[in-house]
$ cat start04.txt   # compact mmCIF, C-alpha atoms
# COMPACT_ATOMS: atom_id res chain seq x y z
CA MET B 1068 24.66 54.68 -25.21
CA ASN B 1069 21.12 54.95 -26.55
CA ARG B 1070 19.99 51.31 -26.40
CA LYS B 1071 16.97 50.43 -28.52
CA LEU B 1072 14.00 49.19 -26.49
CA SER B 1073 11.84 46.30 -27.55
CA LYS B 1074 8.26 47.03 -28.57
CA SER B 1075 6.84 45.25 -25.53
CA ARG B 1076 9.09 47.21 -23.19
CA SER B 1077 8.04 50.51 -24.79
CA VAL B 1078 4.38 49.59 -24.36
CA ILE B 1079 4.91 48.63 -20.72
CA ASN B 1080 6.73 51.90 -20.01
CA GLY B 1081 3.90 53.91 -21.60
CA ILE B 1082 1.24 52.06 -19.63
CA THR B 1083 3.24 52.54 -16.43
CA VAL B 1084 3.33 56.32 -16.88
CA PHE B 1085 -0.43 56.47 -17.43
CA ALA B 1086 -1.02 54.19 -14.44
CA VAL B 1087 1.11 56.37 -12.14
CA ILE B 1088 -0.74 59.52 -13.24
CA LEU B 1089 -4.11 57.82 -12.77
CA LEU B 1090 -3.22 56.49 -9.31
CA ALA B 1091 -1.92 59.91 -8.24
CA TRP B 1092 -5.15 61.50 -9.49
CA ILE B 1093 -7.26 58.99 -7.54
CA ALA B 1094 -5.18 59.44 -4.39
CA VAL B 1095 -5.40 63.25 -4.47
CA THR B 1096 -9.14 63.41 -5.18
CA GLU B 1097 -10.17 60.62 -2.79
CA ALA B 1098 -8.16 62.21 0.00
CA GLY B 1099 -9.95 65.50 -0.58
CA LEU B 1100 -6.74 67.43 -1.14
CA LEU B 1101 -8.35 69.32 -4.03
CA LYS B 1102 -11.93 70.44 -4.42
CA PRO B 1103 -13.99 68.67 -7.12
CA ILE B 1104 -14.39 71.95 -8.99
CA ILE B 1105 -10.60 72.02 -9.45
CA LEU B 1106 -9.97 68.32 -10.04
CA PRO B 1107 -12.97 65.98 -10.18
CA LYS B 1108 -12.89 62.34 -9.16
CA ILE B 1109 -12.29 59.71 -11.83
CA SER B 1110 -15.59 58.12 -10.83
CA SER B 1111 -17.44 61.37 -11.62
CA ILE B 1112 -15.89 61.50 -15.09
CA ILE B 1113 -16.78 57.86 -15.78
CA GLU B 1114 -20.32 58.52 -14.59
CA TYR B 1115 -20.55 61.47 -16.99
CA TRP B 1116 -19.41 59.25 -19.86
CA ILE B 1117 -21.89 56.50 -19.00
CA ASN B 1118 -24.83 58.89 -18.73
CA GLY B 1119 -23.81 60.77 -21.88
CA PHE B 1120 -23.51 57.69 -24.06
CA ALA B 1121 -26.58 56.06 -22.54
CA GLU B 1122 -28.70 59.04 -23.54
CA ASN B 1123 -26.97 59.20 -26.98
CA ASN B 1124 -26.22 62.91 -26.53
CA LEU B 1125 -22.48 62.35 -26.21
CA LEU B 1126 -22.40 59.91 -29.11
CA THR B 1127 -24.07 62.51 -31.34
CA ASP B 1128 -21.47 65.11 -30.40
CA VAL B 1129 -18.65 62.63 -31.04
CA LEU B 1130 -19.97 61.85 -34.53
CA VAL B 1131 -20.47 65.54 -35.35
CA SER B 1132 -16.91 66.40 -34.29
CA LEU B 1133 -15.51 63.38 -36.10
CA ARG B 1134 -17.25 64.44 -39.32
CA ARG B 1135 -15.77 67.93 -39.08
CA ILE B 1136 -12.30 66.51 -38.41
CA VAL B 1137 -12.47 64.17 -41.39
CA LEU B 1138 -13.76 66.85 -43.77
CA GLY B 1139 -11.16 69.43 -42.72
CA PHE B 1140 -8.38 66.84 -42.86
CA LEU B 1141 -9.39 65.50 -46.29
CA LEU B 1142 -9.76 68.99 -47.74
CA SER B 1143 -6.28 69.97 -46.55
CA ALA B 1144 -4.84 66.71 -47.94
CA VAL B 1145 -6.50 67.18 -51.35
CA ILE B 1146 -5.00 70.66 -51.66
CA ALA B 1147 -1.65 70.15 -49.96
CA ILE B 1148 -0.44 66.87 -51.47
CA PRO B 1149 -0.51 67.90 -55.17
CA LEU B 1150 0.86 71.36 -54.47
CA GLY B 1151 3.47 69.94 -52.11
CA ILE B 1152 4.69 67.44 -54.70
CA LEU B 1153 4.79 70.24 -57.26
CA ALA B 1154 6.84 72.42 -54.92
CA GLY B 1155 9.14 69.54 -54.03
CA THR B 1156 9.90 68.60 -57.63
CA SER B 1157 10.12 72.03 -59.29
CA GLN B 1158 12.35 74.79 -58.03
CA MET B 1159 10.33 77.32 -59.99
CA CYS B 1160 7.04 76.23 -58.39
CA ASN B 1161 8.75 76.02 -55.00
CA SER B 1162 9.85 79.65 -55.29
CA TYR B 1163 6.20 80.67 -55.65
CA ILE B 1164 4.54 78.28 -53.20
CA ARG B 1165 6.95 77.98 -50.26
CA PRO B 1166 7.22 81.68 -49.25
CA VAL B 1167 3.43 81.99 -48.97
CA CYS B 1168 3.13 78.79 -46.94
CA GLU B 1169 6.06 79.74 -44.70
CA PHE B 1170 4.29 83.00 -43.93
CA MET B 1171 0.80 81.53 -43.50
CA ARG B 1172 1.82 78.72 -41.18
CA TYR B 1173 2.95 81.23 -38.56
CA LEU B 1174 -0.35 83.10 -38.50
CA PRO B 1175 -2.29 82.10 -35.36
CA VAL B 1176 -5.45 80.35 -36.51
CA PRO B 1177 -7.64 81.96 -33.78
CA THR B 1178 -7.03 85.37 -35.37
CA LEU B 1179 -8.43 84.04 -38.66
CA VAL B 1180 -11.75 82.93 -37.12
CA PRO B 1181 -13.48 86.33 -37.57
CA LEU B 1182 -12.47 86.35 -41.24
CA VAL B 1183 -13.67 82.78 -41.69
CA MET B 1184 -17.06 83.80 -40.29
CA VAL B 1185 -17.21 86.73 -42.72
CA TRP B 1186 -16.18 84.63 -45.71
CA PHE B 1187 -18.02 81.37 -45.01
CA GLY B 1188 -20.79 82.28 -42.58
CA ILE B 1189 -21.41 80.43 -39.33
CA ASP B 1190 -22.54 77.06 -40.64
CA GLU B 1191 -20.64 73.77 -40.98
CA LEU B 1192 -18.41 75.05 -43.78
CA ALA B 1193 -16.87 77.67 -41.50
CA LYS B 1194 -15.94 75.06 -38.89
CA VAL B 1195 -14.40 72.82 -41.54
CA MET B 1196 -12.44 75.77 -42.93
CA VAL B 1197 -10.94 76.55 -39.51
CA LEU B 1198 -9.60 72.99 -39.38
CA PHE B 1199 -8.45 73.29 -42.99
CA LEU B 1200 -6.50 76.49 -42.33
CA GLY B 1201 -4.90 74.96 -39.27
CA CYS B 1202 -3.54 72.02 -41.28
CA VAL B 1203 -3.05 72.79 -44.95
CA PHE B 1204 0.06 75.01 -44.91
CA GLN B 1205 2.00 72.80 -42.51
CA LEU B 1206 1.06 69.69 -44.49
CA LEU B 1207 2.00 71.28 -47.82
CA LEU B 1208 5.50 72.13 -46.61
CA MET B 1209 6.06 68.64 -45.19
CA VAL B 1210 4.89 67.04 -48.44
CA ALA B 1211 7.24 69.33 -50.38
CA ASP B 1212 10.15 68.28 -48.17
CA ALA B 1213 9.20 64.61 -48.61
CA ALA B 1214 9.17 64.94 -52.40
CA ALA B 1215 12.43 66.91 -52.43
CA SER B 1216 14.15 64.28 -50.26
CA VAL B 1217 13.95 61.62 -52.99
CA SER B 1218 17.45 61.03 -54.29
CA ASP B 1219 18.28 62.48 -57.69
CA ASP B 1220 20.40 59.40 -58.32
CA LEU B 1221 17.29 57.24 -58.02
CA LEU B 1222 15.43 59.36 -60.55
CA ASN B 1223 18.40 59.57 -62.91
CA ALA B 1224 18.76 55.80 -62.84
CA GLY B 1225 15.14 55.51 -63.93
CA TYR B 1226 15.61 58.01 -66.73
CA THR B 1227 18.73 56.16 -67.88
CA LEU B 1228 16.66 52.99 -68.16
CA GLY B 1229 14.15 54.78 -70.38
CA ALA B 1230 11.59 56.17 -67.95
CA SER B 1231 9.79 59.35 -68.99
CA LYS B 1232 9.24 62.31 -66.68
CA TRP B 1233 5.72 61.04 -65.99
CA ASP B 1234 7.01 57.53 -65.29
CA GLY B 1235 9.58 58.99 -62.96
CA LEU B 1236 6.88 60.76 -61.00
CA TRP B 1237 4.49 57.82 -60.66
CA THR B 1238 6.85 54.84 -60.45
CA ILE B 1239 9.89 56.31 -58.68
CA LEU B 1240 9.28 59.60 -56.86
CA LEU B 1241 5.82 58.94 -55.39
CA PRO B 1242 6.57 55.44 -54.04
CA ALA B 1243 9.83 56.74 -52.53
CA ALA B 1244 8.16 59.77 -50.94
CA LEU B 1245 4.93 58.09 -49.79
CA PRO B 1246 6.21 56.89 -46.37
CA ARG B 1247 7.18 60.45 -45.41
CA ILE B 1248 3.97 61.86 -46.90
CA PHE B 1249 1.94 59.39 -44.85
CA GLU B 1250 3.86 60.40 -41.72
CA ALA B 1251 3.03 64.03 -42.54
CA LEU B 1252 -0.65 63.10 -42.80
CA ARG B 1253 -0.44 61.41 -39.41
CA MET B 1254 1.00 64.55 -37.83
CA THR B 1255 -1.61 66.70 -39.55
CA MET B 1256 -4.42 64.62 -38.09
CA GLY B 1257 -3.01 65.42 -34.66
CA TRP B 1258 -3.16 69.16 -35.42
CA ALA B 1259 -6.73 68.76 -36.66
CA TRP B 1260 -7.77 67.35 -33.28
CA SER B 1261 -6.01 70.21 -31.49
CA TYR B 1262 -7.95 72.78 -33.55
CA LEU B 1263 -11.31 71.03 -33.07
CA THR B 1264 -12.31 72.98 -29.95
CA LEU B 1265 -11.43 76.28 -31.64
CA ALA B 1266 -13.57 75.38 -34.66
CA GLU B 1267 -16.56 74.56 -32.45
CA LEU B 1268 -16.37 77.57 -30.16
CA PHE B 1269 -18.35 79.88 -32.43
CA ALA B 1270 -21.97 79.53 -33.51
CA ALA B 1271 -22.09 75.82 -32.72
CA SER B 1272 -24.92 73.85 -31.18
CA SER B 1273 -23.24 70.45 -31.17
CA GLY B 1274 -19.82 68.85 -31.04
CA LEU B 1275 -17.33 68.14 -28.28
CA GLY B 1276 -15.86 71.65 -28.36
CA TYR B 1277 -19.32 73.18 -27.95
CA GLN B 1278 -20.05 70.88 -25.02
CA ILE B 1279 -16.78 71.93 -23.33
CA LEU B 1280 -17.80 75.58 -23.62
CA ARG B 1281 -21.27 74.76 -22.31
CA ALA B 1282 -19.83 72.85 -19.34
CA GLN B 1283 -17.52 75.78 -18.58
CA ARG B 1284 -20.47 78.16 -18.35
CA PHE B 1285 -22.06 76.01 -15.66
CA MET B 1286 -18.74 75.18 -13.93
CA GLN B 1287 -19.20 71.45 -14.60
CA THR B 1288 -15.57 70.46 -14.17
CA ASP B 1289 -16.28 66.74 -14.40
CA ALA B 1290 -17.89 67.27 -17.80
CA MET B 1291 -15.01 69.46 -18.99
CA PHE B 1292 -12.42 66.88 -17.96
CA GLY B 1293 -14.52 64.09 -19.44
CA LEU B 1294 -14.79 65.85 -22.80
CA ILE B 1295 -11.13 66.86 -22.90
CA LEU B 1296 -10.03 63.31 -22.09
CA LEU B 1297 -12.45 61.97 -24.71
CA ILE B 1298 -10.89 64.21 -27.39
CA GLY B 1299 -7.44 63.05 -26.32
CA LEU B 1300 -8.53 59.41 -26.44
CA MET B 1301 -10.05 59.79 -29.91
CA GLY B 1302 -6.91 61.54 -31.12
CA LEU B 1303 -4.78 58.72 -29.71
CA ILE B 1304 -6.95 56.10 -31.42
CA THR B 1305 -6.66 57.81 -34.82
CA ASP B 1306 -2.90 58.13 -34.34
CA ARG B 1307 -2.61 54.40 -33.55
CA LEU B 1308 -4.70 53.60 -36.63
CA PHE B 1309 -2.30 55.65 -38.75
CA ALA B 1310 0.62 53.81 -37.15
CA MET B 1311 -0.96 50.42 -37.91
CA VAL B 1312 -1.60 51.35 -41.55
CA ASP B 1313 1.92 52.74 -41.84
CA LYS B 1314 3.43 49.49 -40.57
CA LEU B 1315 1.18 47.40 -42.79
CA VAL B 1316 1.58 49.35 -46.05
CA PHE B 1317 5.15 50.63 -45.69
CA HIS B 1318 6.71 47.69 -43.85
CA TRP B 1319 9.60 47.78 -46.34
CA LYS B 1320 10.79 51.28 -45.42
CA GLU B 1321 12.91 50.08 -42.48

$ encode --input "start04.txt" --output "structure tokens"
Amino acid sequence: MNRKLSKSRSVINGITVFAVILLAWIAVTEAGLLKPIILPKISSIIEYWINGFAENNLLTDVLVSLRRIVLGFLLSAVIAIPLGILAGTSQMCNSYIRPVCEFMRYLPVPTLVPLVMVWFGIDELAKVMVLFLGCVFQLLLMVADAAASVSDDLLNAGYTLGASKWDGLWTILLPAALPRIFEALRMTMGWAWSYLTLAELFAASSGLGYQILRAQRFMQTDAMFGLILLIGLMGLITDRLFAMVDKLVFHWKE
């Protein structure tokens, strides 16, 4: 039987897994079982972080990458949410919008990079557009599903009580769909972080993805691991922030 765990127990289990991985990493590297170029010591990664933030170089790259993430994410949300709601509430609109999105979401984003460079150049806009293309179609379909999941009985009850179509949208459908839309936004932010390195691999002179490529050229494994772990940590922090907002704003959805 699938017994529900308490929140504290879930947290302890998660911390335990990370602790075991960390201790295994320390044991393997300190014993010299793997060369530093394959798996660097934790102390080397921490030293890279300290030096990078002390000299402000790493902080600059973090802020640059964070700006690109936010812009790409916001642009995809601004486009996907209205169109998704339209597709989820109108079968006619859905018949036009969904087939295109279903097709586009399966196109590998790396293959679109050359076209993005042709269309938008090699400046900041191109990097934002790579993130946008990686997120917008998936988000649009999830928003459409969230809007379509709202019960017709709920809407019909509102119309019976005198609500107009516009009232039904703003006072019934949107509040009912918002928890799922917010969850879709949370997932989309995760995809944005996963596409960050791809967006910063071409014609970039700053950002965490650029620094990973630069470290790879000089075989600086400690820097590569440090940057990869930093991206993962930042992604985890943003995910936890979304979870906190979700619990605070939509506490009633349970």

$ atom_distance --input "start04.txt" --atom1 "atom CA of Ala1224 of chain B" --atom2 "atom CA of Leu1315 of chain B"
28.0 Å

$ closest_atom_pairs --input "start04.txt" --of "segment 1104-1183 of chain B" --to "segment 1296-1314 of chain B" --cutoff "12 Å" --atoms "all atoms listed in the file" --output "JSON lines"
{"residue": "B:Ile1109", "atom": "CA", "partner": "B:Leu1296", "partner_atom": "CA", "distance": 11.1}
{"residue": "B:Ile1112", "atom": "CA", "partner": "B:Leu1296", "partner_atom": "CA", "distance": 9.3}
{"residue": "B:Ile1113", "atom": "CA", "partner": "B:Leu1296", "partner_atom": "CA", "distance": 10.7}
{"residue": "B:Tyr1115", "atom": "CA", "partner": "B:Leu1297", "partner_atom": "CA", "distance": 11.2}
{"residue": "B:Trp1116", "atom": "CA", "partner": "B:Leu1297", "partner_atom": "CA", "distance": 8.9}
{"residue": "B:Gly1119", "atom": "CA", "partner": "B:Leu1297", "partner_atom": "CA", "distance": 11.8}
{"residue": "B:Phe1120", "atom": "CA", "partner": "B:Leu1297", "partner_atom": "CA", "distance": 11.9}
{"residue": "B:Leu1125", "atom": "CA", "partner": "B:Leu1297", "partner_atom": "CA", "distance": 10.1}
{"residue": "B:Leu1126", "atom": "CA", "partner": "B:Leu1297", "partner_atom": "CA", "distance": 11.1}
{"residue": "B:Asp1128", "atom": "CA", "partner": "B:Ile1298", "partner_atom": "CA", "distance": 11.0}
{"residue": "B:Val1129", "atom": "CA", "partner": "B:Ile1298", "partner_atom": "CA", "distance": 8.7}
{"residue": "B:Leu1130", "atom": "CA", "partner": "B:Met1301", "partner_atom": "CA", "distance": 11.1}
{"residue": "B:Ser1132", "atom": "CA", "partner": "B:Ile1298", "partner_atom": "CA", "distance": 9.4}
{"residue": "B:Leu1133", "atom": "CA", "partner": "B:Met1301", "partner_atom": "CA", "distance": 9.0}
{"residue": "B:Ile1136", "atom": "CA", "partner": "B:Gly1302", "partner_atom": "CA", "distance": 10.3}
{"residue": "B:Val1137", "atom": "CA", "partner": "B:Thr1305", "partner_atom": "CA", "distance": 10.8}

$ closest_residue --input "start04.txt" --among "B:Arg1253, B:Leu1100, B:Ser1073, B:Tyr1262" --to "Pro1175 of chain B" --atoms "only C-alpha atoms"
B:Tyr1262

$ residues_around --input "start04.txt" --residues "segment 1277-1292 of chain B" --least-positions-apart "4" --cutoff "6 Å" --atoms "only C-alpha atoms" --output "JSON, numbers by chain"
{"B": [1104, 1107, 1112, 1267, 1268, 1273, 1296]}

$ closest_residue --input "start04.txt" --among "B:Ile1093, B:Ser1143, B:Phe1269, B:Gly1293" --to "Met1184 of chain B" --atoms "all atoms listed in the file"
B:Phe1269

$ residues_around --input "start04.txt" --residues "Ala1213 of chain B" --least-positions-apart "6" --cutoff "8 Å" --atoms "all atoms listed in the file" --output "JSON, numbers by chain"
{"B": [1155, 1244, 1245, 1247, 1248]}

$ residues_around --input "start04.txt" --residues "Ala1154 of chain B" --least-positions-apart "6" --cutoff "10 Å" --atoms "only C-alpha atoms" --output "count of residues only"
14

$ atom_distance --input "start04.txt" --atom1 "atom CA of Thr1255 of chain B" --atom2 "atom CA of Ile1239 of chain B"
24.6 Å

$ atom_distance --input "start04.txt" --atom1 "atom CA of Leu1265 of chain B" --atom2 "atom CA of Glu1250 of chain B"
24.2 Å

$ closest_residue --input "start04.txt" --among "B:Ala1243, B:Ala1098, B:Val1183, B:Val1195" --to "Leu1138 of chain B" --atoms "only C-alpha atoms"
B:Val1195
